[in-house]
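These notes concern the structure reproduced below.
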Amino acid sequence: MFPVISDPIMTRRSFVAGSSSFLAAALLSTSRLAGAVTSSAKFDAYPFSLGVASGDPAPDSVVLWTRLAPRALEPGGGMPPESFEVSWQIAEDEGMARVVRSGTAVANPQWGHSVHVEAEGLQPARWYWYQFKVSGHISPKGRTRTLPPAGSTPDRLRFVFASCQHYEAGLYTAFEHLAREDVDLIVHLGDYIYEGAARDNPLRCHNSGETFTLHDYRARYALYKSDPALQAAHAMAPWIVTWDDHEVMNNYAGDIPGRPATREDFLLRRAAGYQAYFEHMPLRRSALPKGPDMLLYRKLEFGRLASFHVLDTRQYRTDQPQDDGTKPFHPVLLDPKGTLLGAQQRDWLFQGLEKSPATWNVLAQQVMMARVDRVPGPGEAYSMDQWPGYEFERRRVLRHFMDRKIKNPVVLTGDIHTNYANDLVTDFDDLGSQRVGVEFVGTSISSGGDGSIEPPRLTDILAENPFVKYRNNERGYVRCEVTPGQWKADYRTVPYVTRPGAPITTRGSWVTAAGRNQLERA
Ligand SMILES: [Fe+2]
C-alpha cells in the first residue's frame, strides 16, 4: 500500500515542489549546523526501512513517527553515533501539494535515531498525509487523521483494535487485511513484540537471544517493524497504543519480574524495554520515559461520542496472588492492597469516567475483566494474571460503573489470543445482578499460530460462564462501528497464519444498544 519509494528523484521533486515552507525549513536547519547535528550525511542504504507511523491524535494535532535505520537489524540500525536533522511535512492531499505544516526534528543516537514530531495547528476530523526527508532520502508516505472537535457530536466512529503479534508464531496476514479497512484509527493493546530467544522455527525466527538490554529490545522492534504488512497498517491511520507484558517480560508485575531476578536488575531491564517501546511508537513527549518509569495511561476523546481511557495494567500492579497461574478463589483475592492499576491511575480513571460527557466510555486495556471460571462443574479456577486475580479492585471498578451511573462502559482487552464477547455484571456469583458494561476481547494477530473456529472446551466455558456470549480461537482483529445508538463489533478472522494468503472473514458480530449494557448477536 505504501511501498518503499522506488523512484527517489521523482519523489524528491514532488516533495520539494509541494512546499515552499519546506525549503525555508531546510535553510533554517542549515543555519543550525554549528552544533553536532548533521543534515548532509550519506547513507549507504535507505534510512526509512522501518516505515512511518502516526498516533495519539487530537482535534488539532497528531504525532508523526519514524526511525532512521539504514540497516535495521545491525547494531544501532546501521547508523553512526551522531545526530541527524530530519525534515518533515504534513499535507492536506495525498500528492503532498497542499502542505500545511513542516519543520525539522533531530534524530539522535541516545533515542535510537527515532523521530517524534507533534504536528500542530491542524483542522479537526480530517485526513492528512505526511513524509520525512533526510539527506535526499524521502520516507514512505503515511496517512493520518485528526479527532473531531472537542464537544462535537460525531455520528460515527470506525476503528479496529488488535494485539499480540508474535513474529515467530505466524505471518501478519491479519495486518494486510487490517490495512485495507475503512477506519478512523487503530488501537493496539500490547504484546507488540515478544522478548523470547530465537527458536528453531520453520516459519521465521527472532533475531537474538532473550532481550535484556536496550540494544536487544531495539533490534527486536526493528525485526518486527521490518514486516511490510505491519508498516502498511501503521501508514494508513493513526494508532493509539498501550503495552502488555511481553514488551518487557512475560507476566511481570510492577517491579517484580515474571521469573526470579533481583529488583535492581529487573528495573534496568524494564527501563530498557520502556525506552525501546517509546522509541518505536508514535507517542507524545508526555510519555517520554524516565529510567524505569513511563507515563502511558492517558485519555483521548472522539468528540462526545466516545472517550478512550487507555490503561497501563503492568507498571503499577502488585504481584500476581497465589503465585500466578490459574487458581481457585481464595480470600487473598479480596485484599484491598491488591491492584492492577495503582491508586493514582485508578483515581484518574474514576474521575475521568465521572466527568466524561461521552456516550461510550472505553477502557482500552490488556487483561480480561470478566471473571471466567475455567473449570467445568463444581470446581473453579481463575487466571491470577487477569482482573479476577485482583478481585477486590475488579469489583471496585464495576461498582464504580454502577454507583456513578457511568454511561455505556466498553472494555477492550487483548492478552489471551482468543476472541470473547462478555456481559459485565456487578456480581458474577449472581447473574441477576446489575449489568454495567460489556467487554470485547480481541484475539491475536499471530500469537498462538493457526487457530480454530471453536476453541478447546468451548461448551464447558459457555455453560460455566453464562455472561460469556462468544468465544473463537482464530487469529485476527476486531472492527468496531460506533454510533450514538449502538456499538457493533465484528470479529474479523483469518483461518491460518503459518502460510501466506489467508482470506479475511467476519466470523461473529455482536452489538450492544446504548443504555442496555447487554450483548446481542448482530
Ligand atoms: Fe500475547
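Here's how to read the names in the C-alpha cells: chain A, B, ... by the order shown, residue numbers from 1 in each chain, ligand numbers from 1 in the order shown.
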Residues at most 10 Å from Pro376 in chain A, counting only C-alpha atoms, excluding those fewer than 3 positions away in the same chain, as a ChimeraX atom specification?
-> /A:373,379-381,457,459-465
Selection from above, N, CA and C atoms, as a CSV table (one decimal), in the first residue's frame, can you write it?
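Everything below was put into out.csv:
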```
chain,number,residue,atom,x,y,z
A,373,ASP,N,-14.6,-18.6,34.9
A,373,ASP,CA,-14.2,-19.9,35.6
A,373,ASP,C,-13.8,-20.9,34.5
A,379,GLY,N,-16.0,-27.3,40.6
A,379,GLY,CA,-14.7,-26.6,40.9
A,379,GLY,C,-14.6,-25.2,40.2
A,380,GLU,N,-13.7,-24.4,40.6
A,380,GLU,CA,-13.5,-23.1,39.9
A,380,GLU,C,-12.0,-22.8,39.9
A,381,ALA,N,-11.6,-22.1,38.9
A,381,ALA,CA,-10.2,-21.6,38.8
A,381,ALA,C,-10.2,-20.4,37.9
A,457,ARG,N,-12.7,-26.8,24.7
A,457,ARG,CA,-13.6,-26.7,25.8
A,457,ARG,C,-14.6,-25.5,25.7
A,459,THR,N,-17.9,-25.4,24.9
A,459,THR,CA,-19.2,-25.6,25.5
A,459,THR,C,-19.0,-25.5,27.0
A,460,ASP,N,-18.0,-26.1,27.6
A,460,ASP,CA,-17.7,-26.0,29.0
A,460,ASP,C,-17.7,-24.6,29.5
A,461,ILE,N,-16.9,-23.8,28.8
A,461,ILE,CA,-16.7,-22.4,29.3
A,461,ILE,C,-18.0,-21.6,29.1
A,462,LEU,N,-18.7,-21.9,28.1
A,462,LEU,CA,-20.0,-21.1,27.9
A,462,LEU,C,-21.0,-21.6,29.0
A,463,ALA,N,-21.1,-22.9,29.2
A,463,ALA,CA,-22.0,-23.4,30.2
A,463,ALA,C,-21.7,-22.8,31.6
A,464,GLU,N,-20.4,-22.8,31.9
A,464,GLU,CA,-19.9,-22.4,33.2
A,464,GLU,C,-20.0,-20.9,33.4
A,465,ASN,N,-20.0,-20.1,32.4
A,465,ASN,CA,-19.9,-18.7,32.4
A,465,ASN,C,-21.0,-18.0,31.5
```
Could you list, as a list in words, all the residues within 7 Å of ligand 1, counting only C-alpha atoms and all ligand atoms?
->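 The residues within 7 Å of ligand 1, counting only C-alpha atoms and all ligand atoms, are Cys164, Asp191, Asp415, Ile416, His417, Ser444 and Ser447 of chain A.
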Go ahead and write the residues just picked, N, CA and C atoms, as a short mmCIF file (atom, residue, chain, number, x, y, z; two decimals), in the first residue's frame.
```cif
data_model
loop_
_atom_site.label_atom_id
_atom_site.label_comp_id
_atom_site.auth_asym_id
_atom_site.auth_seq_id
_atom_site.Cartn_x
_atom_site.Cartn_y
_atom_site.Cartn_z
N CYS A 164 -0.96 -8.63 20.28
CA CYS A 164 -0.28 -9.93 20.31
C CYS A 164 0.20 -10.42 18.94
N ASP A 191 1.63 -6.49 23.63
CA ASP A 191 2.40 -7.59 23.06
C ASP A 191 2.74 -7.27 21.60
N ASP A 415 -4.32 -9.80 25.12
CA ASP A 415 -3.59 -10.72 26.00
C ASP A 415 -3.77 -12.21 25.76
N ILE A 416 -4.98 -12.71 25.57
CA ILE A 416 -5.16 -14.16 25.67
C ILE A 416 -5.36 -14.88 24.34
N HIS A 417 -5.16 -14.15 23.24
CA HIS A 417 -5.13 -14.79 21.92
C HIS A 417 -6.42 -15.56 21.63
N SER A 444 -5.37 -12.61 18.88
CA SER A 444 -4.04 -12.15 18.48
C SER A 444 -3.96 -11.97 16.97
N SER A 447 0.04 -14.52 17.48
CA SER A 447 0.46 -15.35 18.62
C SER A 447 -0.44 -16.57 18.76
#
```
Just list the residues in range 343-491 of chain A DSSP gives strand (DSSP E) on the backbone, as number ranges by chain.
-> A: 360-364, 382-383, 409-413, 419-425, 435-441, 468-472, 475-482, 486-491
Please write the residues from the selection above to a file, keeping C-alpha atoms, as a PDB file, in the first residue's frame.
```pdb
ATOM      1  CA  TRP A 360     -19.492   5.369  25.151  1.00  0.00           C
ATOM      2  CA  ASN A 361     -16.788   5.117  27.812  1.00  0.00           C
ATOM      3  CA  VAL A 362     -13.986   2.895  26.594  1.00  0.00           C
ATOM      4  CA  LEU A 363     -11.333   1.244  28.721  1.00  0.00           C
ATOM      5  CA  ALA A 364      -8.579   0.275  26.256  1.00  0.00           C
ATOM      6  CA  TYR A 382      -9.426 -18.089  37.621  1.00  0.00           C
ATOM      7  CA  SER A 383      -6.444 -16.507  35.920  1.00  0.00           C
ATOM      8  CA  PRO A 409     -18.696   1.293  29.657  1.00  0.00           C
ATOM      9  CA  VAL A 410     -16.958  -0.778  26.977  1.00  0.00           C
ATOM     10  CA  VAL A 411     -13.842  -2.708  27.990  1.00  0.00           C
ATOM     11  CA  LEU A 412     -11.417  -3.607  25.195  1.00  0.00           C
ATOM     12  CA  THR A 413      -8.985  -6.413  26.003  1.00  0.00           C
ATOM     13  CA  ASN A 419     -11.924 -13.733  20.915  1.00  0.00           C
ATOM     14  CA  TYR A 420     -14.542 -13.272  23.623  1.00  0.00           C
ATOM     15  CA  ALA A 421     -17.646 -11.117  23.989  1.00  0.00           C
ATOM     16  CA  ASN A 422     -18.752 -10.739  27.632  1.00  0.00           C
ATOM     17  CA  ASP A 423     -21.521  -9.004  29.524  1.00  0.00           C
ATOM     18  CA  LEU A 424     -20.142  -7.350  32.664  1.00  0.00           C
ATOM     19  CA  VAL A 425     -22.233  -7.678  35.816  1.00  0.00           C
ATOM     20  CA  ARG A 435     -25.363  -5.391  34.042  1.00  0.00           C
ATOM     21  CA  VAL A 436     -22.971  -2.456  33.997  1.00  0.00           C
ATOM     22  CA  GLY A 437     -21.000  -2.749  30.765  1.00  0.00           C
ATOM     23  CA  VAL A 438     -19.673  -5.032  28.052  1.00  0.00           C
ATOM     24  CA  GLU A 439     -16.249  -6.419  27.219  1.00  0.00           C
ATOM     25  CA  PHE A 440     -14.823  -7.218  23.809  1.00  0.00           C
ATOM     26  CA  VAL A 441     -11.704  -9.388  23.983  1.00  0.00           C
ATOM     27  CA  VAL A 468     -19.654 -15.148  28.020  1.00  0.00           C
ATOM     28  CA  LYS A 469     -21.637 -14.721  24.817  1.00  0.00           C
ATOM     29  CA  TYR A 470     -18.992 -15.591  22.261  1.00  0.00           C
ATOM     30  CA  ARG A 471     -15.658 -17.300  22.017  1.00  0.00           C
ATOM     31  CA  ASN A 472     -13.459 -18.016  18.996  1.00  0.00           C
ATOM     32  CA  ARG A 475      -6.269 -15.059  14.582  1.00  0.00           C
ATOM     33  CA  GLY A 476      -7.353 -11.560  13.530  1.00  0.00           C
ATOM     34  CA  TYR A 477      -8.625  -8.300  14.974  1.00  0.00           C
ATOM     35  CA  VAL A 478     -11.887  -6.633  15.976  1.00  0.00           C
ATOM     36  CA  ARG A 479     -13.516  -3.897  13.918  1.00  0.00           C
ATOM     37  CA  CYS A 480     -15.915  -1.596  15.736  1.00  0.00           C
ATOM     38  CA  GLU A 481     -18.564   0.729  14.368  1.00  0.00           C
ATOM     39  CA  VAL A 482     -19.814   3.140  16.982  1.00  0.00           C
ATOM     40  CA  GLN A 486     -25.272   1.300  19.035  1.00  0.00           C
ATOM     41  CA  TRP A 487     -21.845  -0.297  19.285  1.00  0.00           C
ATOM     42  CA  LYS A 488     -21.169  -3.065  16.779  1.00  0.00           C
ATOM     43  CA  ALA A 489     -18.107  -5.317  16.965  1.00  0.00           C
ATOM     44  CA  ASP A 490     -17.107  -7.502  14.016  1.00  0.00           C
ATOM     45  CA  TYR A 491     -14.679 -10.304  14.857  1.00  0.00           C
TER      46      TYR A 491
END
```
Please, which residues in range 159-227 of chain A fall within 12 Å of range 106-126 of chain A when counting only C-alpha atoms, and what is the closest atom pair and distance in Å to one decimal for each, ordered by chain then residue number, as JSON lines?
```
{"residue": "A:Asp184", "atom": "CA", "partner": "A:Ala125", "partner_atom": "CA", "distance": 9.1}
{"residue": "A:Leu185", "atom": "CA", "partner": "A:Ala125", "partner_atom": "CA", "distance": 11.4}
{"residue": "A:Leu214", "atom": "CA", "partner": "A:Gly112", "partner_atom": "CA", "distance": 9.4}
{"residue": "A:His215", "atom": "CA", "partner": "A:Gly112", "partner_atom": "CA", "distance": 9.1}
{"residue": "A:Asp216", "atom": "CA", "partner": "A:Gly112", "partner_atom": "CA", "distance": 11.9}
{"residue": "A:Tyr217", "atom": "CA", "partner": "A:Gly112", "partner_atom": "CA", "distance": 10.8}
{"residue": "A:Arg218", "atom": "CA", "partner": "A:Gly112", "partner_atom": "CA", "distance": 7.6}
{"residue": "A:Ala219", "atom": "CA", "partner": "A:Gly112", "partner_atom": "CA", "distance": 10.2}
{"residue": "A:Tyr221", "atom": "CA", "partner": "A:Gly112", "partner_atom": "CA", "distance": 11.1}
{"residue": "A:Ala222", "atom": "CA", "partner": "A:Gly112", "partner_atom": "CA", "distance": 10.6}
```
Would you please give, as a ChimeraX atom specification, all residues of range 321-465 of chain A that DSSP assigns to helix (DSSP H, G or I) based on the backbone?
-> /A:321-323,331-334,343-355,387-403,458-464
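Among the candidates A:His330, A:Arg143, A:Lys405, A:His177, the one nearest to Val52 in chain A when counting only C-alpha atoms is A:Arg143.
By only C-alpha atoms, and with residues fewer than 6 positions from Ala522 in chain A along its chain excluded, the set lying at most 6 Å from it is A:Ser509, A:Trp510, A:Val511.
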Determine, counting only C-alpha atoms, which protein, DNA and RNA residues have an atom within 9 Å of an atom of Leu268 in chain A; residues of the same chain fewer than 5 positions away are not included. Present the result as a PyMOL selection string.
-> chain A and resi 212-213+263+273+291-292
Mind checking which residues fall within 9 Å of Glu92 in chain A, counting only C-alpha atoms, ignoring those fewer than 3 positions away in the same chain, and posting them as an mmCIF file with N, CA and C atoms, in the first residue's frame?
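The result, written out as result-v8.cif:
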```cif
data_model
loop_
_atom_site.group_PDB
_atom_site.id
_atom_site.type_symbol
_atom_site.label_atom_id
_atom_site.label_comp_id
_atom_site.auth_asym_id
_atom_site.auth_seq_id
_atom_site.Cartn_x
_atom_site.Cartn_y
_atom_site.Cartn_z
ATOM 1 N N GLY A 95 -1.077 13.791 -2.735
ATOM 2 C CA GLY A 95 0.021 14.199 -3.597
ATOM 3 C C GLY A 95 1.007 15.132 -2.911
ATOM 4 N N MET A 96 0.760 15.511 -1.680
ATOM 5 C CA MET A 96 1.606 16.399 -0.880
ATOM 6 C C MET A 96 1.752 17.783 -1.546
ATOM 7 N N ALA A 97 0.729 18.220 -2.264
ATOM 8 C CA ALA A 97 0.787 19.538 -2.904
ATOM 9 C C ALA A 97 0.389 20.644 -1.930
ATOM 10 N N ARG A 98 -0.550 20.355 -1.040
ATOM 11 C CA ARG A 98 -1.022 21.394 -0.121
ATOM 12 C C ARG A 98 -0.468 21.128 1.289
ATOM 13 N N VAL A 99 0.812 21.468 1.468
ATOM 14 C CA VAL A 99 1.467 21.258 2.770
ATOM 15 C C VAL A 99 0.964 22.307 3.749
ATOM 16 N N VAL A 100 0.538 21.873 4.915
ATOM 17 C CA VAL A 100 0.018 22.829 5.895
ATOM 18 C C VAL A 100 0.988 23.069 7.056
ATOM 19 N N ARG A 126 -10.159 15.401 9.929
ATOM 20 C CA ARG A 126 -9.846 15.273 8.505
ATOM 21 C C ARG A 126 -8.567 14.464 8.310
ATOM 22 N N TRP A 127 -8.448 13.929 7.084
ATOM 23 C CA TRP A 127 -7.272 13.140 6.731
ATOM 24 C C TRP A 127 -6.118 14.047 6.358
ATOM 25 N N TYR A 128 -4.915 13.605 6.711
ATOM 26 C CA TYR A 128 -3.673 14.267 6.290
ATOM 27 C C TYR A 128 -2.699 13.199 5.807
ATOM 28 N N TRP A 129 -1.711 13.641 5.045
ATOM 29 C CA TRP A 129 -0.615 12.765 4.591
ATOM 30 C C TRP A 129 0.703 13.404 5.017
ATOM 31 N N TYR A 130 1.689 12.581 5.355
ATOM 32 C CA TYR A 130 2.952 13.127 5.869
ATOM 33 C C TYR A 130 4.129 12.322 5.336
#
```
Nearby residues (only C-alpha atoms) at most 8 Å from range 193-205 of chain A, same-chain spacing under 6 positions excluded, as a ChimeraX atom specification = /A:164-170,211,217,220-221,224,246-250,498
Which residue gives the smallest distance to His400 in chain A among A:Asp347, A:Asp429, A:Glu301, A:Asp450, with only C-alpha atoms counted?
-> A:Asp347
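For the choices A:Arg71, A:Arg304, A:Arg516, A:Arg394, the atom-to-atom distance to Gly151 in chain A is smallest for A:Arg304 when using only C-alpha atoms.
A straight line drawn from CA of Lys355 in chain A to CA of Leu398 in chain A is 16.7 Å long.
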